[in-house]
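> Provided below: protein_5.txt, containing compact mmCIF, C-alpha atoms and all ligand atoms.
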```txt
# COMPACT_ATOMS: atom_id res chain seq x y z
CA MET R 26 -19.11 50.73 -106.38
CA THR R 27 -18.77 48.79 -103.10
CA LEU R 28 -16.17 46.08 -102.60
CA VAL R 29 -18.91 43.42 -102.36
CA VAL R 30 -20.48 44.47 -105.68
CA LYS R 31 -17.03 44.51 -107.31
CA LYS R 32 -16.33 40.97 -106.04
CA ILE R 33 -19.67 39.68 -107.33
CA LEU R 34 -19.15 41.26 -110.74
CA SER R 35 -15.64 39.87 -110.96
CA LEU R 36 -16.97 36.37 -110.17
CA PHE R 37 -19.77 36.83 -112.69
CA GLU R 38 -17.21 37.69 -115.37
CA GLN R 39 -15.51 34.33 -114.73
CA MET R 40 -18.68 32.41 -115.63
CA PRO R 41 -18.39 30.17 -118.71
CA ALA R 42 -20.75 30.84 -121.63
CA VAL R 43 -24.02 28.94 -121.09
CA GLU R 44 -27.33 28.27 -122.84
CA GLY R 45 -29.38 28.51 -119.68
CA ARG R 46 -29.77 31.51 -117.34
CA LEU R 47 -27.07 33.13 -115.23
CA ARG R 48 -27.95 35.82 -112.70
CA ALA R 49 -25.66 37.84 -110.44
CA ASP R 50 -26.51 38.64 -106.80
CA ALA R 51 -29.65 36.49 -106.64
CA ASP R 52 -31.74 36.91 -103.49
CA LEU R 53 -32.13 33.42 -102.00
CA SER R 54 -34.70 34.48 -99.41
CA LYS R 55 -37.19 34.52 -102.28
CA VAL R 56 -36.64 30.85 -103.09
CA THR R 57 -36.49 29.11 -99.72
CA TRP R 58 -39.29 28.13 -97.36
CA PHE R 59 -37.86 30.10 -94.43
CA GLN R 60 -37.75 33.25 -96.59
CA VAL R 61 -34.59 34.47 -94.93
CA GLY R 62 -30.93 34.79 -95.85
CA GLY R 63 -28.73 36.68 -98.24
CA SER R 64 -27.90 36.41 -101.91
CA ALA R 65 -25.92 33.97 -104.00
CA ASP R 66 -23.11 35.62 -105.94
CA VAL R 67 -24.37 33.77 -109.01
CA LEU R 68 -27.48 31.70 -109.70
CA PHE R 69 -27.30 29.32 -112.68
CA LYS R 70 -30.26 27.53 -114.24
CA PRO R 71 -28.86 25.10 -116.84
CA LYS R 72 -30.88 24.52 -120.00
CA ASP R 73 -30.23 20.78 -119.97
CA GLU R 74 -27.69 18.16 -118.89
CA ASP R 75 -25.16 19.14 -121.58
CA ASP R 76 -25.32 22.77 -120.55
CA LEU R 77 -24.80 21.75 -116.91
CA SER R 78 -21.89 19.49 -117.75
CA ASN R 79 -20.14 22.06 -120.00
CA PHE R 80 -20.54 24.72 -117.32
CA LEU R 81 -18.97 22.49 -114.66
CA ILE R 82 -16.12 21.42 -116.95
CA LYS R 83 -15.20 25.05 -117.60
CA LEU R 84 -15.88 26.53 -114.14
CA SER R 85 -12.75 27.00 -112.05
CA THR R 86 -12.70 24.35 -109.32
CA ASP R 87 -11.92 27.09 -106.72
CA ILE R 88 -15.47 28.39 -107.05
CA PRO R 89 -17.89 26.74 -104.61
CA VAL R 90 -21.06 25.28 -106.10
CA PHE R 91 -24.27 24.49 -104.21
CA THR R 92 -27.35 22.83 -105.69
CA LEU R 93 -30.69 24.19 -104.57
CA GLY R 94 -33.90 22.18 -104.80
CA VAL R 95 -36.96 24.12 -103.66
CA GLY R 96 -35.40 25.15 -100.37
CA SER R 97 -37.71 23.23 -98.03
CA ASN R 98 -34.85 21.87 -95.96
CA LEU R 99 -32.50 24.80 -96.18
CA LEU R 100 -31.38 27.75 -94.07
CA VAL R 101 -29.41 30.34 -96.05
CA ARG R 102 -27.42 32.47 -93.64
CA ASP R 103 -27.78 36.26 -93.67
CA ASP R 104 -24.60 36.98 -95.64
CA GLY R 105 -25.67 34.65 -98.43
CA PHE R 106 -23.56 32.22 -100.42
CA ARG R 107 -20.18 33.10 -101.96
CA GLY R 108 -20.11 31.09 -105.15
CA VAL R 109 -22.57 29.59 -107.63
CA VAL R 110 -25.98 28.24 -106.70
CA LEU R 111 -27.40 25.82 -109.28
CA ARG R 112 -31.10 25.32 -109.75
CA LEU R 113 -32.67 22.78 -112.08
CA GLY R 114 -35.42 24.27 -114.25
CA ARG R 115 -38.32 22.97 -116.32
CA GLU R 116 -36.18 20.71 -118.50
CA PHE R 117 -35.44 18.63 -115.41
CA THR R 118 -39.05 18.01 -114.36
CA LYS R 119 -40.00 15.35 -116.93
CA MET R 120 -41.50 12.01 -115.87
CA GLU R 121 -42.12 8.86 -117.87
CA ILE R 122 -43.22 5.32 -117.11
CA VAL R 123 -40.73 2.65 -118.07
CA ASN R 124 -41.38 -1.13 -118.12
CA ASP R 125 -44.89 -0.77 -116.63
CA THR R 126 -43.90 -0.15 -113.01
CA CYS R 127 -40.85 2.14 -113.03
CA ILE R 128 -40.83 5.93 -113.38
CA ARG R 129 -37.91 7.91 -114.79
CA ILE R 130 -38.01 11.35 -113.15
CA GLY R 131 -36.07 14.58 -113.65
CA ALA R 132 -34.51 15.67 -110.36
CA GLY R 133 -36.29 19.02 -110.56
CA ALA R 134 -39.76 17.42 -110.39
CA LEU R 135 -41.72 18.18 -107.24
CA ASP R 136 -42.28 15.21 -104.93
CA ILE R 137 -46.02 15.88 -104.87
CA ASN R 138 -46.17 15.77 -108.69
CA VAL R 139 -44.34 12.44 -108.70
CA ALA R 140 -46.83 11.02 -106.17
CA LYS R 141 -49.77 12.27 -108.27
CA PHE R 142 -48.28 11.00 -111.53
CA ALA R 143 -47.72 7.56 -109.99
CA GLY R 144 -51.22 7.53 -108.49
CA GLU R 145 -52.85 8.44 -111.79
CA ALA R 146 -50.94 5.59 -113.44
CA GLY R 147 -52.20 3.18 -110.75
CA LEU R 148 -48.73 2.71 -109.29
CA THR R 149 -48.31 2.41 -105.53
CA GLY R 150 -45.24 3.04 -103.38
CA ALA R 151 -44.72 6.77 -103.92
CA GLU R 152 -47.66 8.02 -101.80
CA PHE R 153 -45.29 9.14 -99.02
CA LEU R 154 -43.83 11.74 -101.42
CA SER R 155 -47.17 13.56 -101.48
CA GLY R 156 -46.46 14.96 -98.02
CA ILE R 157 -42.88 16.09 -98.62
CA PRO R 158 -42.69 19.60 -100.04
CA GLY R 159 -39.35 19.24 -101.87
CA ALA R 160 -38.12 18.19 -105.32
CA ILE R 161 -36.58 14.82 -106.23
CA GLY R 162 -32.93 16.03 -106.12
CA GLY R 163 -33.44 17.14 -102.51
CA ALA R 164 -35.29 13.91 -101.71
CA LEU R 165 -32.30 11.89 -102.99
CA ARG R 166 -29.77 13.99 -101.09
CA MET R 167 -31.76 13.80 -97.84
CA ASN R 168 -33.07 10.24 -98.32
CA ALA R 169 -36.42 11.88 -97.63
CA GLY R 170 -39.05 9.72 -96.03
CA ALA R 171 -42.34 9.61 -94.19
CA TYR R 172 -44.77 7.06 -92.82
CA GLY R 173 -42.24 4.24 -92.92
CA THR R 174 -41.04 4.66 -96.53
CA GLU R 175 -37.87 6.44 -97.65
CA MET R 176 -36.29 7.14 -101.02
CA LYS R 177 -33.91 4.23 -100.45
CA ASP R 178 -36.90 1.86 -100.64
CA ILE R 179 -37.89 2.92 -104.16
CA VAL R 180 -34.74 4.16 -105.93
CA LEU R 181 -33.41 1.89 -108.68
CA SER R 182 -30.79 4.19 -110.19
CA VAL R 183 -29.66 7.82 -110.21
CA VAL R 184 -27.87 10.05 -112.72
CA ALA R 185 -25.45 12.56 -111.19
CA TYR R 186 -22.76 14.98 -112.36
CA ASP R 187 -19.61 15.54 -110.36
CA ARG R 188 -17.99 18.94 -109.83
CA GLN R 189 -15.80 18.35 -112.91
CA GLY R 190 -18.88 17.81 -115.09
CA LYS R 191 -18.53 14.04 -115.51
CA ARG R 192 -21.75 12.01 -115.75
CA HIS R 193 -22.24 9.04 -113.38
CA GLU R 194 -24.91 6.36 -113.25
CA LEU R 195 -25.35 5.26 -109.67
CA CYS R 196 -27.03 2.19 -108.22
CA PRO R 197 -28.63 2.15 -104.74
CA ALA R 198 -25.45 0.74 -103.16
CA ASP R 199 -23.44 3.67 -104.59
CA MET R 200 -25.88 6.12 -103.02
CA GLY R 201 -25.06 4.89 -99.49
CA PHE R 202 -28.47 5.86 -98.16
CA SER R 203 -29.00 6.07 -94.42
CA TYR R 204 -31.41 7.99 -92.21
CA ARG R 205 -31.90 11.44 -93.88
CA HIS R 206 -28.52 11.12 -95.57
CA CYS R 207 -26.72 9.82 -98.64
CA ASP R 208 -22.98 9.35 -99.08
CA ILE R 209 -22.60 11.09 -102.44
CA PRO R 210 -20.20 14.10 -102.28
CA LEU R 211 -22.02 17.33 -101.47
CA ASP R 212 -20.96 19.07 -104.68
CA TRP R 213 -22.42 16.38 -106.99
CA ILE R 214 -25.65 17.23 -108.77
CA PHE R 215 -28.47 14.72 -109.23
CA THR R 216 -30.30 15.20 -112.50
CA GLU R 217 -32.47 12.10 -112.80
CA ALA R 218 -33.75 9.09 -110.85
CA MET R 219 -35.51 5.86 -111.73
CA ILE R 220 -37.92 4.56 -109.09
CA GLN R 221 -39.52 1.13 -108.80
CA LEU R 222 -43.20 0.99 -107.78
CA GLN R 223 -45.89 -1.71 -107.81
CA LYS R 224 -49.25 -1.97 -109.52
CA GLY R 225 -51.99 -0.80 -107.20
CA ASN R 226 -55.55 0.36 -107.00
CA LYS R 227 -56.05 4.00 -108.05
CA SER R 228 -58.73 4.79 -105.52
CA ASP R 229 -56.77 3.22 -102.62
CA ILE R 230 -53.74 5.29 -103.63
CA GLY R 231 -55.88 8.45 -103.77
CA GLU R 232 -57.33 7.69 -100.31
CA ARG R 233 -53.86 7.13 -98.86
CA MET R 234 -52.68 10.50 -100.22
CA LYS R 235 -55.71 12.27 -98.72
CA GLU R 236 -54.98 10.61 -95.37
CA ILE R 237 -51.34 11.79 -95.52
CA SER R 238 -52.40 15.33 -96.34
CA LYS R 239 -54.90 15.45 -93.45
CA ASN R 240 -52.36 13.98 -91.06
CA ARG R 241 -49.82 16.68 -92.02
CA GLU R 242 -52.25 19.53 -91.61
CA ASP R 243 -53.16 18.29 -88.14
CA SER R 244 -49.61 17.76 -86.88
CA GLN R 245 -47.25 20.16 -88.68
CA PRO R 246 -47.10 23.93 -89.21
CA ILE R 247 -47.18 23.40 -93.00
CA LYS R 248 -48.50 26.86 -93.80
CA SER R 249 -45.64 28.59 -91.95
CA ARG R 250 -42.24 29.78 -93.12
CA THR R 251 -40.37 26.71 -91.88
CA GLY R 252 -37.76 24.16 -92.92
CA GLY R 253 -39.39 20.89 -91.88
CA SER R 254 -37.80 18.76 -89.15
CA THR R 255 -34.89 20.71 -87.72
CA PHE R 256 -32.95 17.87 -86.11
CA ALA R 257 -32.63 14.22 -87.05
CA ASN R 258 -34.07 11.85 -84.46
CA PRO R 259 -31.21 10.40 -82.38
CA GLU R 260 -31.07 6.58 -82.27
CA GLY R 261 -34.09 5.31 -80.33
CA LYS R 262 -35.34 8.82 -79.44
CA LYS R 263 -37.54 11.53 -80.92
CA ALA R 264 -35.96 14.97 -81.33
CA TRP R 265 -39.30 16.71 -80.61
CA GLU R 266 -39.74 14.88 -77.32
CA LEU R 267 -36.28 15.94 -76.13
CA ILE R 268 -36.91 19.56 -77.17
CA ASP R 269 -40.28 19.50 -75.42
CA ALA R 270 -38.76 17.99 -72.29
CA VAL R 271 -36.30 20.91 -71.92
CA GLY R 272 -39.12 23.44 -72.11
CA ALA R 273 -38.18 24.77 -75.54
CA ARG R 274 -41.63 24.47 -77.16
CA GLY R 275 -42.56 28.00 -78.23
CA LEU R 276 -39.07 29.36 -77.40
CA THR R 277 -38.53 32.66 -79.25
CA ILE R 278 -35.46 34.63 -80.28
CA GLY R 279 -36.14 37.77 -82.29
CA ASN R 280 -38.85 36.73 -84.73
CA ALA R 281 -37.81 33.09 -84.83
CA GLN R 282 -39.69 30.51 -82.84
CA ILE R 283 -39.76 26.82 -82.05
CA SER R 284 -43.21 25.83 -83.24
CA ASP R 285 -45.90 25.35 -80.61
CA LYS R 286 -47.57 22.82 -82.90
CA HIS R 287 -44.52 20.59 -83.54
CA CYS R 288 -41.42 21.46 -81.56
CA ASN R 289 -38.93 19.98 -84.03
CA PHE R 290 -40.00 22.73 -86.47
CA LEU R 291 -38.46 26.23 -86.46
CA ILE R 292 -40.56 29.10 -87.71
CA ASN R 293 -39.93 32.54 -89.13
CA LYS R 294 -42.83 34.43 -87.59
CA GLY R 295 -42.19 37.26 -90.07
CA GLY R 296 -39.08 39.42 -90.28
CA ALA R 297 -36.75 36.90 -88.60
CA THR R 298 -33.11 36.77 -89.65
CA ALA R 299 -31.33 33.51 -90.44
CA ALA R 300 -29.19 34.20 -87.35
CA ASP R 301 -32.34 34.31 -85.17
CA ILE R 302 -33.55 31.00 -86.61
CA GLU R 303 -30.20 29.32 -86.16
CA ALA R 304 -29.83 30.74 -82.65
CA VAL R 305 -33.18 29.43 -81.45
CA GLY R 306 -32.30 25.99 -82.87
CA GLU R 307 -28.88 26.10 -81.20
CA GLU R 308 -30.47 27.07 -77.87
CA ALA R 309 -32.74 24.01 -78.00
CA ARG R 310 -29.76 21.88 -78.95
CA ARG R 311 -27.70 23.29 -76.08
CA ARG R 312 -30.46 22.58 -73.55
CA VAL R 313 -30.97 19.03 -74.82
CA PHE R 314 -27.25 18.33 -74.59
CA LYS R 315 -27.07 19.74 -71.06
CA GLU R 316 -30.09 17.79 -69.83
CA PHE R 317 -29.75 14.49 -71.72
CA ASP R 318 -26.13 14.40 -72.92
CA THR R 319 -27.52 13.94 -76.47
CA LEU R 320 -26.16 16.13 -79.25
CA LEU R 321 -28.88 16.72 -81.83
CA ARG R 322 -27.73 16.63 -85.48
CA TRP R 323 -29.04 19.43 -87.70
CA GLU R 324 -31.15 17.85 -90.44
CA ILE R 325 -31.77 21.26 -92.00
CA VAL R 326 -28.91 22.12 -94.35
CA ARG R 327 -27.25 25.46 -93.56
CA ILE R 328 -25.20 27.38 -96.10
CA GLY R 329 -23.14 30.58 -95.94
CA ASP R 330 -20.89 31.85 -93.17
CA PRO R 331 -22.29 31.77 -89.62
CA LEU R 332 -23.08 35.24 -88.26
CA LEU R 333 -22.15 35.33 -84.58
CA PRO R 334 -24.65 32.65 -83.59
CA LYS R 335 -23.06 32.33 -80.14
CA GLU R 336 -23.70 36.00 -79.35
CA LYS R 337 -27.28 35.67 -80.57
CA GLN R 338 -27.80 32.60 -78.40
CA ASP R 339 -26.77 34.52 -75.29
CA GLN R 340 -29.22 37.32 -76.00
CA GLY R 341 -32.28 36.56 -73.91
CA ALA R 342 -33.80 33.31 -75.14
CA LYS R 343 -37.30 33.73 -73.77
CA LYS R 344 -40.43 31.68 -73.61
C1 LIG T 401 -43.55 21.51 -93.93
C2 LIG T 401 -42.41 20.58 -94.22
C3 LIG T 401 -42.57 19.22 -94.04
C4 LIG T 401 -41.53 18.33 -94.32
N1 LIG T 401 -41.72 16.99 -94.13
C5 LIG T 401 -40.72 16.13 -94.41
C6 LIG T 401 -40.90 14.71 -94.25
O1 LIG T 401 -41.95 14.23 -93.86
N2 LIG T 401 -39.87 13.89 -94.56
C7 LIG T 401 -38.67 14.36 -94.99
O2 LIG T 401 -37.77 13.57 -95.26
N3 LIG T 401 -38.48 15.70 -95.16
C8 LIG T 401 -39.45 16.58 -94.87
N4 LIG T 401 -39.25 17.93 -95.03
C9 LIG T 401 -37.92 18.42 -95.45
C10 LIG T 401 -37.73 18.59 -96.96
O3 LIG T 401 -38.97 18.80 -97.61
C11 LIG T 401 -37.00 17.40 -97.58
O4 LIG T 401 -35.73 17.22 -97.00
C12 LIG T 401 -36.84 17.56 -99.09
O5 LIG T 401 -36.40 16.34 -99.62
C13 LIG T 401 -35.86 18.67 -99.48
O6 LIG T 401 -35.98 18.87 -100.88
P1 LIG T 401 -35.73 20.30 -101.51
O7 LIG T 401 -35.91 20.19 -102.97
O8 LIG T 401 -36.53 21.34 -100.83
O9 LIG T 401 -34.18 20.49 -101.17
P2 LIG T 401 -33.43 21.79 -100.61
O10 LIG T 401 -34.00 22.16 -99.28
O11 LIG T 401 -33.39 22.85 -101.64
O12 LIG T 401 -31.95 21.20 -100.39
C14 LIG T 401 -31.74 20.21 -99.41
C15 LIG T 401 -30.42 19.49 -99.72
O13 LIG T 401 -30.57 18.76 -100.94
C16 LIG T 401 -29.55 19.13 -101.86
N5 LIG T 401 -30.09 19.07 -103.22
C17 LIG T 401 -31.25 19.59 -103.68
N6 LIG T 401 -31.41 19.30 -104.98
C18 LIG T 401 -30.31 18.60 -105.35
C19 LIG T 401 -29.87 18.02 -106.59
N7 LIG T 401 -30.59 18.11 -107.72
N8 LIG T 401 -28.67 17.40 -106.60
C20 LIG T 401 -27.91 17.30 -105.47
N9 LIG T 401 -28.28 17.82 -104.28
C21 LIG T 401 -29.47 18.46 -104.23
C22 LIG T 401 -29.16 20.54 -101.45
O14 LIG T 401 -27.86 20.85 -101.93
C23 LIG T 401 -29.24 20.43 -99.95
O15 LIG T 401 -28.08 19.82 -99.45
C24 LIG T 401 -40.28 18.84 -94.77
C25 LIG T 401 -40.13 20.22 -94.98
C26 LIG T 401 -41.17 21.08 -94.70
C27 LIG T 401 -40.97 22.55 -94.94
```
Give the structure from the file, written as structure tokens.


Amino acid sequence: MTLVVKKILSLFEQMPAVEGRLRADADLSKVTWFQVGGSADVLFKPKDEDDLSNFLIKLSTDIPVFTLGVGSNLLVRDDGFRGVVLRLGREFTKMEIVNDTCIRIGAGALDINVAKFAGEAGLTGAEFLSGIPGAIGGALRMNAGAYGTEMKDIVLSVVAYDRQGKRHELCPADMGFSYRHCDIPLDWIFTEAMIQLQKGNKSDIGERMKEISKNREDSQPIKSRTGGSTFANPEGKKAWELIDAVGARGLTIGNAQISDKHCNFLINKGGATAADIEAVGEEARRRVFKEFDTLLRWEIVRIGDPLLPKEKQDQGAKK
């Protein structure tokens, strides 16, 4: 038995008893959009909020925990994640209308399903979610937004669990939303959100969602193995314009590429490693800094230990 396998098994043996599913050595490349990266030592799918809370209460605080949504904004590095990855299952995808114009949503519900549910109920304000391929927990964490609306504009309240398993009810001010960011500690887990919408016209809402879908297909590589916008737009500037201006459109390292279609998107052309993807992003970032003195901030969340990205960067970035 190798040392790595021994370590994983020893961590697995430290897992508290649960009602949901625990899996050792779970391949994360199968559950992220980029389809790269290594395994999580343990993957835990809680049965419900009580199961989640009990697990966190009993889990040693030395063990790192990361919550995965549907991996549309995530780069898992090649060596994987040492600790527990949490994933919310079916129990966390429920939606219900409250007080005519609010929707209570499980944080595991897909954004697109929330947009459709709202549309079918004749509620407007959530159409932007139809173009974001994540789940609500990820949308809260990232303050996801498109076409001028962000989560911060519709969130009324959020339920979250801290690393010690304590339940919190948060109001918008607690969330500290800003551009593609919220202030809640990274190891807290969102389980539910309440959003406020307005009464609208069903067919107008449907038309708006069709428009969004068409717009996305025309401008983004949505059928590729990608992670969405790689870098946040710096104040007053567009990340894609800066990347384009330094000649990085189409830049390739290994099997990772800066998209020709939208140069703030990184793409796994097939068989790329996470290190290739990170290296091509870093190369664009380096060029932008050199040319414009602007340091791009990674919007894509990266987990796991970096694997010699510097060395990779120096290996022939080519157009
Ligand atoms: C083709 C494409 C287009 C995109 N377009 C947009 C866009 O227009 N606007 C936009 O904002 N984003 C866009 N994205 C990025 C991405 O879809 C969003 O950031 C989305 O909100 C991420 O949700 P997720 O469930 O995939 O989260 P993941 O990628 O799995 O995780 C992202 C972060 O959220 C955290 N997280 C996930 N679930 C929870 C939870 N329950 N509790 C606490 N933390 C959690 C993770 O720990 C991680 O830090 C796009 C991505 C792609 C691939």

> What residues of the protein or nucleic acid chains come within 6 Å of ligand LIG 401 (chain T) when you use all atoms listed in the file? Reply as a ChimeraX atom specification.

/R:91-99,132,157-160,162-164,166-167,169-171,213-216,247,251-253,326

> Once you have the residues from the selection above, write them out as a PDB file, keeping the file's coordinate frame, restricted to C-alpha atoms.


```pdb
ATOM      1  CA  PHE R  91     -24.270  24.490-104.210  1.00  0.00           C
ATOM      2  CA  THR R  92     -27.350  22.830-105.690  1.00  0.00           C
ATOM      3  CA  LEU R  93     -30.690  24.190-104.570  1.00  0.00           C
ATOM      4  CA  GLY R  94     -33.900  22.180-104.800  1.00  0.00           C
ATOM      5  CA  VAL R  95     -36.960  24.120-103.660  1.00  0.00           C
ATOM      6  CA  GLY R  96     -35.400  25.150-100.370  1.00  0.00           C
ATOM      7  CA  SER R  97     -37.710  23.230 -98.030  1.00  0.00           C
ATOM      8  CA  ASN R  98     -34.850  21.870 -95.960  1.00  0.00           C
ATOM      9  CA  LEU R  99     -32.500  24.800 -96.180  1.00  0.00           C
ATOM     10  CA  ALA R 132     -34.510  15.670-110.360  1.00  0.00           C
ATOM     11  CA  ILE R 157     -42.880  16.090 -98.620  1.00  0.00           C
ATOM     12  CA  PRO R 158     -42.690  19.600-100.040  1.00  0.00           C
ATOM     13  CA  GLY R 159     -39.350  19.240-101.870  1.00  0.00           C
ATOM     14  CA  ALA R 160     -38.120  18.190-105.320  1.00  0.00           C
ATOM     15  CA  GLY R 162     -32.930  16.030-106.120  1.00  0.00           C
ATOM     16  CA  GLY R 163     -33.440  17.140-102.510  1.00  0.00           C
ATOM     17  CA  ALA R 164     -35.290  13.910-101.710  1.00  0.00           C
ATOM     18  CA  ARG R 166     -29.770  13.990-101.090  1.00  0.00           C
ATOM     19  CA  MET R 167     -31.760  13.800 -97.840  1.00  0.00           C
ATOM     20  CA  ALA R 169     -36.420  11.880 -97.630  1.00  0.00           C
ATOM     21  CA  GLY R 170     -39.050   9.720 -96.030  1.00  0.00           C
ATOM     22  CA  ALA R 171     -42.340   9.610 -94.190  1.00  0.00           C
ATOM     23  CA  TRP R 213     -22.420  16.380-106.990  1.00  0.00           C
ATOM     24  CA  ILE R 214     -25.650  17.230-108.770  1.00  0.00           C
ATOM     25  CA  PHE R 215     -28.470  14.720-109.230  1.00  0.00           C
ATOM     26  CA  THR R 216     -30.300  15.200-112.500  1.00  0.00           C
ATOM     27  CA  ILE R 247     -47.180  23.400 -93.000  1.00  0.00           C
ATOM     28  CA  THR R 251     -40.370  26.710 -91.880  1.00  0.00           C
ATOM     29  CA  GLY R 252     -37.760  24.160 -92.920  1.00  0.00           C
ATOM     30  CA  GLY R 253     -39.390  20.890 -91.880  1.00  0.00           C
ATOM     31  CA  VAL R 326     -28.910  22.120 -94.350  1.00  0.00           C
TER      32      VAL R 326
END
```

> One decimal, in Å: what's the spacing between CA of Pro246 (chain R) and CA of Val110 (chain R)?

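The value is 27.8 Å.
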
> Here is a test: counting all atoms listed in the file, which residue of R:Lys235, R:Lys55, R:Arg112, R:Lys248 is nearest to Glu152 (chain R)?

R:Lys235

> Give the answer as one residue: which of R:Val313, R:Leu28, R:Val123, R:Leu135 has the shortest atom-to-atom distance to Gln221 (chain R), using all atoms listed in the file?

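Once distances to Gln221 (chain R) are computed over all atoms listed in the file, the minimum belongs to R:Val123.
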
> CA of Ile33 (chain R) and CA of Gly62 (chain R) are how many Å apart?

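Separating CA of Ile33 (chain R) from CA of Gly62 (chain R) is a distance of 16.8 Å.
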